[in-house]
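What follows is the content of target37.tsv, which has TSV, C-alpha atoms:
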chain	number	residue	atom	x	y	z
E	1	ARG	CA	-6.57	29.35	-23.43
E	2	TYR	CA	-7.69	26.74	-20.84
E	3	PHE	CA	-8.72	24.35	-23.62
E	4	CYS	CA	-5.28	24.56	-25.22
E	5	ARG	CA	-3.50	23.76	-21.97
E	6	HIS	CA	-5.83	20.85	-21.29
E	7	THR	CA	-5.25	19.21	-24.69
E	8	HIS	CA	-1.51	19.73	-24.31
E	9	ARG	CA	-1.52	17.94	-20.95
E	10	SER	CA	-3.50	14.97	-22.28
E	11	PHE	CA	-1.11	14.78	-25.24
E	12	ILE	CA	1.86	14.43	-22.89
E	13	MET	CA	0.05	11.82	-20.76
E	14	SER	CA	-0.87	9.71	-23.79
E	15	LYS	CA	2.80	9.30	-24.78
E	16	ILE	CA	3.69	7.32	-21.64
E	17	LYS	CA	2.87	3.63	-22.02
E	18	SER	CA	1.62	2.67	-18.58
E	19	VAL	CA	-0.92	0.53	-16.75
E	20	GLN	CA	-2.05	0.51	-13.13
E	21	VAL	CA	-3.15	-2.79	-11.58
E	22	PHE	CA	-3.91	-3.96	-8.05
E	23	GLY	CA	-3.39	-7.22	-6.21
E	24	ARG	CA	-5.17	-8.28	-3.03
E	25	LYS	CA	-4.73	-10.78	-0.23
E	26	LYS	CA	-6.85	-10.57	2.95
E	27	ASN	CA	-6.62	-6.88	3.97
E	28	ALA	CA	-3.44	-6.10	2.02
E	29	VAL	CA	-3.73	-4.12	-1.22
E	30	ALA	CA	-0.80	-3.65	-3.60
E	31	VAL	CA	-1.08	-1.24	-6.54
E	32	ALA	CA	1.46	-1.81	-9.31
E	33	TYR	CA	2.26	0.98	-11.78
E	34	CYS	CA	3.90	-0.53	-14.86
E	35	LYS	CA	5.51	1.63	-17.56
E	36	GLU	CA	8.20	1.50	-20.24
E	37	GLY	CA	11.65	1.40	-18.70
E	38	LYS	CA	14.83	-0.51	-17.93
E	39	GLY	CA	13.55	-3.41	-15.80
E	40	VAL	CA	13.44	-1.74	-12.38
E	41	ILE	CA	11.05	-3.26	-9.83
E	42	LYS	CA	10.51	-1.30	-6.62
E	43	VAL	CA	8.16	-1.85	-3.69
E	44	ASN	CA	7.31	1.25	-1.62
E	45	GLY	CA	10.42	2.93	-3.07
E	46	LYS	CA	12.80	0.08	-2.15
E	47	PRO	CA	14.21	-2.58	-4.52
E	48	ILE	CA	12.33	-5.89	-4.52
E	49	GLU	CA	15.50	-7.63	-3.25
E	50	LEU	CA	15.07	-5.97	0.16
E	51	LEU	CA	11.55	-7.27	0.85
E	52	GLU	CA	10.78	-8.58	4.34
E	53	PRO	CA	10.29	-11.27	5.61
E	54	SER	CA	13.38	-12.63	3.86
E	55	SER	CA	12.35	-16.28	4.45
E	56	ILE	CA	9.54	-16.02	1.87
E	57	ARG	CA	11.05	-13.29	-0.32
E	58	GLU	CA	11.28	-15.86	-3.15
E	59	LYS	CA	7.47	-15.76	-3.40
E	60	ALA	CA	7.66	-12.19	-4.71
E	61	TYR	CA	10.19	-13.27	-7.38
E	62	GLU	CA	7.88	-16.00	-8.71
E	63	PRO	CA	6.31	-14.01	-11.59
E	64	ILE	CA	9.84	-12.96	-12.70
E	65	LEU	CA	11.23	-16.50	-12.41
E	66	ILE	CA	8.28	-18.07	-14.27
E	67	LEU	CA	8.09	-15.58	-17.14
E	68	GLY	CA	11.82	-14.91	-17.41
E	69	GLN	CA	13.90	-11.80	-16.78
E	70	GLU	CA	13.82	-10.75	-20.46
E	71	ARG	CA	10.05	-10.04	-20.31
E	72	PHE	CA	10.63	-7.58	-17.45
E	73	ALA	CA	13.64	-5.92	-19.14
E	74	GLY	CA	11.52	-3.36	-21.04
E	75	VAL	CA	9.27	-2.29	-18.17
E	76	ASP	CA	9.58	-0.50	-14.83
E	77	ILE	CA	7.21	-1.61	-12.08
E	78	ARG	CA	6.56	0.46	-8.99
E	79	VAL	CA	4.39	-1.12	-6.29
E	80	ARG	CA	2.63	0.66	-3.41
E	81	VAL	CA	1.39	-1.72	-0.74
E	82	SER	CA	-0.63	-1.09	2.42
E	83	GLY	CA	-2.81	-2.92	4.95
E	84	GLY	CA	-2.69	-6.49	6.19
E	85	GLY	CA	0.30	-8.34	7.60
E	86	SER	CA	3.73	-8.84	6.08
E	87	VAL	CA	2.92	-12.22	4.46
E	88	ALA	CA	-0.41	-10.99	3.05
E	89	GLN	CA	1.40	-7.93	1.65
E	90	LEU	CA	3.96	-10.17	-0.04
E	91	TYR	CA	1.22	-12.22	-1.72
E	92	ALA	CA	-0.53	-9.01	-2.83
E	93	ILE	CA	2.77	-7.74	-4.29
E	94	ARG	CA	3.38	-10.90	-6.33
E	95	GLN	CA	-0.17	-10.83	-7.66
E	96	SER	CA	0.01	-7.16	-8.65
E	97	ILE	CA	3.35	-7.66	-10.45
E	98	ALA	CA	1.99	-10.60	-12.46
E	99	LYS	CA	-1.27	-8.82	-13.32
E	100	ALA	CA	0.58	-5.63	-14.27
E	101	LEU	CA	2.79	-7.38	-16.80
E	102	VAL	CA	-0.15	-9.26	-18.33
E	103	SER	CA	-2.22	-6.08	-18.75
E	104	TYR	CA	0.82	-4.17	-20.10
E	105	TYR	CA	1.32	-6.85	-22.73
E	106	GLN	CA	-2.38	-6.79	-23.59
E	107	LYS	CA	-2.45	-3.01	-24.00
E	108	PHE	CA	0.89	-2.29	-25.67
E	109	VAL	CA	2.40	-5.51	-27.08
E	110	ASP	CA	0.05	-8.10	-28.58
E	111	GLU	CA	-2.75	-10.47	-27.66
E	112	GLN	CA	-0.78	-13.63	-28.46
E	113	ALA	CA	2.10	-12.73	-26.11
E	114	LYS	CA	-0.42	-11.83	-23.39
E	115	ARG	CA	-2.15	-15.21	-23.80
E	116	GLU	CA	1.19	-17.03	-23.41
E	117	LEU	CA	2.01	-15.08	-20.23
E	118	LYS	CA	-1.40	-15.75	-18.75
E	119	GLU	CA	-1.27	-19.46	-19.55
E	120	SER	CA	2.16	-19.97	-17.99
E	121	LEU	CA	1.15	-18.05	-14.83
E	122	LEU	CA	-2.12	-19.96	-14.43
E	123	THR	CA	-0.47	-23.35	-14.87
E	124	TYR	CA	2.00	-22.48	-12.10
E	125	ASP	CA	-0.37	-20.88	-9.58
E	126	ARG	CA	-3.87	-19.51	-10.07
E	127	SER	CA	-3.49	-17.00	-7.21
E	128	LEU	CA	-0.96	-15.04	-9.31
E	129	LEU	CA	-3.82	-13.66	-11.41
E	130	VAL	CA	-7.02	-14.40	-9.48
E	131	SER	CA	-7.45	-12.96	-6.00
E	132	ASP	CA	-8.31	-15.18	-3.05
E	133	SER	CA	-11.86	-14.36	-1.96
E	134	ARG	CA	-11.48	-15.73	1.60
E	135	ARG	CA	-11.98	-13.10	4.28
E	136	CYS	CA	-12.05	-13.06	8.08
E	137	GLU	CA	-15.43	-14.17	9.45
E	138	PRO	CA	-17.03	-11.66	11.83
E	139	LYS	CA	-17.46	-12.46	15.53
E	140	LYS	CA	-20.97	-13.26	16.75
E	141	PHE	CA	-22.60	-12.78	20.15
E	142	GLY	CA	-22.80	-15.66	22.63
E	143	GLY	CA	-19.17	-16.63	22.16
E	144	ARG	CA	-15.59	-15.36	22.08
E	145	SER	CA	-15.03	-15.79	18.30
E	146	ALA	CA	-16.82	-16.42	15.00
E	147	ARG	CA	-17.61	-20.08	15.72
E	148	ALA	CA	-16.68	-20.86	19.35
E	149	ARG	CA	-19.50	-20.51	21.90
E	150	PHE	CA	-19.26	-19.85	25.64
E	151	GLN	CA	-19.38	-23.01	27.73
E	152	LYS	CA	-22.87	-24.04	28.80
E	153	SER	CA	-23.53	-24.78	32.50
E	154	TYR	CA	-26.73	-25.93	34.14
E	155	ARG	CA	-26.11	-24.80	37.70

Please re-express this file's structure in structure tokens.
Amino acid sequence: RYFCRHTHRSFIMSKIKSVQVFGRKKNAVAVAYCKEGKGVIKVNGKPIELLEPSSIREKAYEPILILGQERFAGVDIRVRVSGGGSVAQLYAIRQSIAKALVSYYQKFVDEQAKRELKESLLTYDRSLLVSDSRRCEPKKFGGRSARARFQKSYR
């Protein structure tokens, strides 16, 4: 009886075409869940149009503007983002959206279309697919920050 229920559940799960991808920037992590749908993109349950700060909201639209709205028409993307500051979160969101679409195309569409997407994203900005490895340097003793030392005095 348990075996039957288990196979039934996995059968239902296998019907949904979905991928889960993450994007990172500093301490911010955005996880994008991409599945078949009507072209809805939401970030933490809110539409992408309401992202803050509004001055650099365009950055989050970049993958959509580069690849074209028609590529996003058949998929729904839901992004969960946490950690870091507001700008770092925005960069993590844009990376996760771009990576999600590329991996969705690789898994469910075809390799040629995926290659085209990847090429156009990389020619625009490498950080859309490859995460920035720079991190905050830890503070050391003998000074107030990572590099600055306390002033030396002889008397």

Env of range 77-91 of chain E: 8 Å cut, atoms = only C-alpha atoms, seq-sep filter 3 positions within chain, self excluded. Answer as a PyMOL selection string. chain E and resi 24-35+39-45+52-53+57+59-60+94-97

Name the residues in contact with Gln69 in chain E at a cut-off of 12 Å, using all atoms listed in the file, excluding same-chain residues fewer than 4 positions from it; report them as number ranges by chain. E: 38-41, 61-65, 73-75, 101

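Going from CA of Lys17 in chain E over to CA of Val130 in chain E, you cover 24.1 Å.
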
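Taking CA of Ala146 in chain E and CA of Gly23 in chain E as endpoints, the distance between them is 26.7 Å.
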
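Distances to Ser103 in chain E were evaluated for E:Arg115, E:Tyr124, E:Ile48, E:Gly142 using all atoms listed in the file, and the minimum falls at E:Arg115.
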
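Counting all atoms listed in the file and comparing E:Arg144, E:Lys99, E:Lys15, E:Lys46, the residue that lies closest to Leu129 in chain E is E:Lys99.
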
Quick one, how far is CA of Lys139 in chain E from CA of Ser153 in chain E? 21.8 Å

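Nearest residue to Ala92 in chain E among E:Gln151, E:Lys140, E:Ser127, E:Leu51 is E:Ser127, counting only C-alpha atoms.
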
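The environment of Gln106 in chain E within 12 Å, counting only C-alpha atoms and disregarding residues fewer than 5 places along the same chain, consists of Lys17, Ser18, Val19, Lys99, Ala100, Leu101, Glu111, Gln112, Ala113, Lys114, Arg115, Glu116, Leu117 and Lys118 of chain E.
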